[in-house]
Amino acid sequence: MSLTERLLSFTLLGAEWVLWLLIALSVISVAVMVERAFTLAVKAPDLDALGAKFRAKLLQGNVQEAKAELGDSKAPEVRVAMAGLESFAGGRTAVAEAMASAKSRERLALERNLGVLGTLGNNAPFIGLFGTVLGIIKAFADLAKNSAGGAQVVMAGISEALVATAVGLLVAIPAVVAFNFFQGKVRRRLAQIDAIAHLVLSARGEGSAPAMAPAGAEAPSAQGA
């Protein structure tokens, strides 16, 4: 059997297996959307409400109280800030490096599986088109075997083949919309991470760490001459 005959025998399988593949990809796409929606739904801290009090605690050297202001939230912004606070006594450089490392980890977590949505959005239409081409080839092969059927045989086969293109678009469009939506949310979360990281750095300043004030103690007031 020649290579052309082998390829022809493959194409005569039709588009049905492509449709099953697209259905499987659609299930994967929906699963990724649900997983990303839950992951990115973690509420971010209100930096406007948190900022002044949080920075004041750090300027006083009350790192433990600053941690308490952040609370036990699982938000990526809080985890990055906590990483900086854990290295607060080591100096500004140590704080910056700790938060940069934490931000890299959080970015990987925030962007996890988004590539799947991007890949499906870009390639699902081509998979559907491939199924359509296979279906058209099969339709003409059926016509060759049953020439008495006329155009009806070809039209029926082509209409079935076009379903693959429609399903491919049905998989791709939600994937593209979800990809763009989640990418926007990731960019906003990364911007908030940068904001709280710079807040910690501005409070850390240069030089050695400020003296640690006892919990609940007030900062000493300036004495007039």
# chains A, B, ... in the order shown; residues from 1 in each chain; ligands from 1
$ residues_around --residues "stretch 120-133 of chain A" --least-positions-apart "3" --cutoff "9 Å" --atoms "only C-alpha atoms" --output "ChimeraX atom specification"
/A:11,14-19,21-22,25-26,29,115-117,136-138,158,160-177,179
$ residues_around --residues "stretch 195-199 of chain A" --least-positions-apart "4" --cutoff "9 Å" --atoms "only C-alpha atoms" --output "list in words"
Leu47, Gly51, Phe54, Arg55, Glu77, Val78, Val80, Ala81, Gly84, Ala96, Met99, Ala100, Leu190, Ala191, Ala203 and Arg204 of chain A
$ atom_distance --atom1 "atom CA of A:Glu35" --atom2 "atom CA of A:Asn113"
9.0 Å
$ select_by_dssp --residues "stretch 45-119 of chain A" --states "helix (DSSP H, G or I)" --output "ChimeraX atom specification"
/A:47-59,63-70,76-86,88-90,92-111,114-119
$ atom_distance --atom1 "atom CA of A:Glu69" --atom2 "atom CA of A:Ala44"
13.6 Å
$ atom_distance --atom1 "atom CA of A:Gln183" --atom2 "atom CA of A:Val27"
20.5 Å
$ closest_residue --among "A:Arg112, A:Lys145, A:Arg6, A:Arg105" --to "A:Phe182" --atoms "only C-alpha atoms"
A:Arg112
$ residues_around --residues "A:Arg107" --least-positions-apart "3" --cutoff "8 Å" --atoms "only C-alpha atoms" --output "PyMOL selection string"
chain A and resi 103-104+110-111+186+190
$ write_last_selection --atoms "N, CA and C atoms" --output "PDB file, in the first residue's frame"
ATOM      1  N   LYS A 103       6.971  37.076  45.194  1.00  0.00           N
ATOM      2  CA  LYS A 103       6.153  37.529  44.068  1.00  0.00           C
ATOM      3  C   LYS A 103       6.291  36.595  42.874  1.00  0.00           C
ATOM      4  N   SER A 104       7.505  36.108  42.618  1.00  0.00           N
ATOM      5  CA  SER A 104       7.707  35.170  41.502  1.00  0.00           C
ATOM      6  C   SER A 104       6.901  33.900  41.709  1.00  0.00           C
ATOM      7  N   LEU A 110      -0.645  32.301  40.130  1.00  0.00           N
ATOM      8  CA  LEU A 110      -1.763  33.034  39.539  1.00  0.00           C
ATOM      9  C   LEU A 110      -1.947  32.692  38.061  1.00  0.00           C
ATOM     10  N   GLU A 111      -0.854  32.446  37.360  1.00  0.00           N
ATOM     11  CA  GLU A 111      -0.922  32.193  35.917  1.00  0.00           C
ATOM     12  C   GLU A 111      -1.018  30.704  35.574  1.00  0.00           C
ATOM     13  N   VAL A 186      -5.161  38.730  36.825  1.00  0.00           N
ATOM     14  CA  VAL A 186      -3.786  38.475  37.258  1.00  0.00           C
ATOM     15  C   VAL A 186      -2.986  39.773  37.247  1.00  0.00           C
ATOM     16  N   LEU A 190      -1.160  41.405  40.499  1.00  0.00           N
ATOM     17  CA  LEU A 190       0.271  41.690  40.516  1.00  0.00           C
ATOM     18  C   LEU A 190       0.527  43.160  40.832  1.00  0.00           C
TER      19      LEU A 190
END
$ closest_residue --among "A:Gly135, A:Glu97, A:Phe140, A:Lys74" --to "A:Ala41" --atoms "only C-alpha atoms"
A:Lys74
$ residues_around --residues "A:Val42" --least-positions-apart "2" --cutoff "9 Å" --atoms "only C-alpha atoms" --output "PyMOL selection string"
chain A and resi 38-40+44+73-76
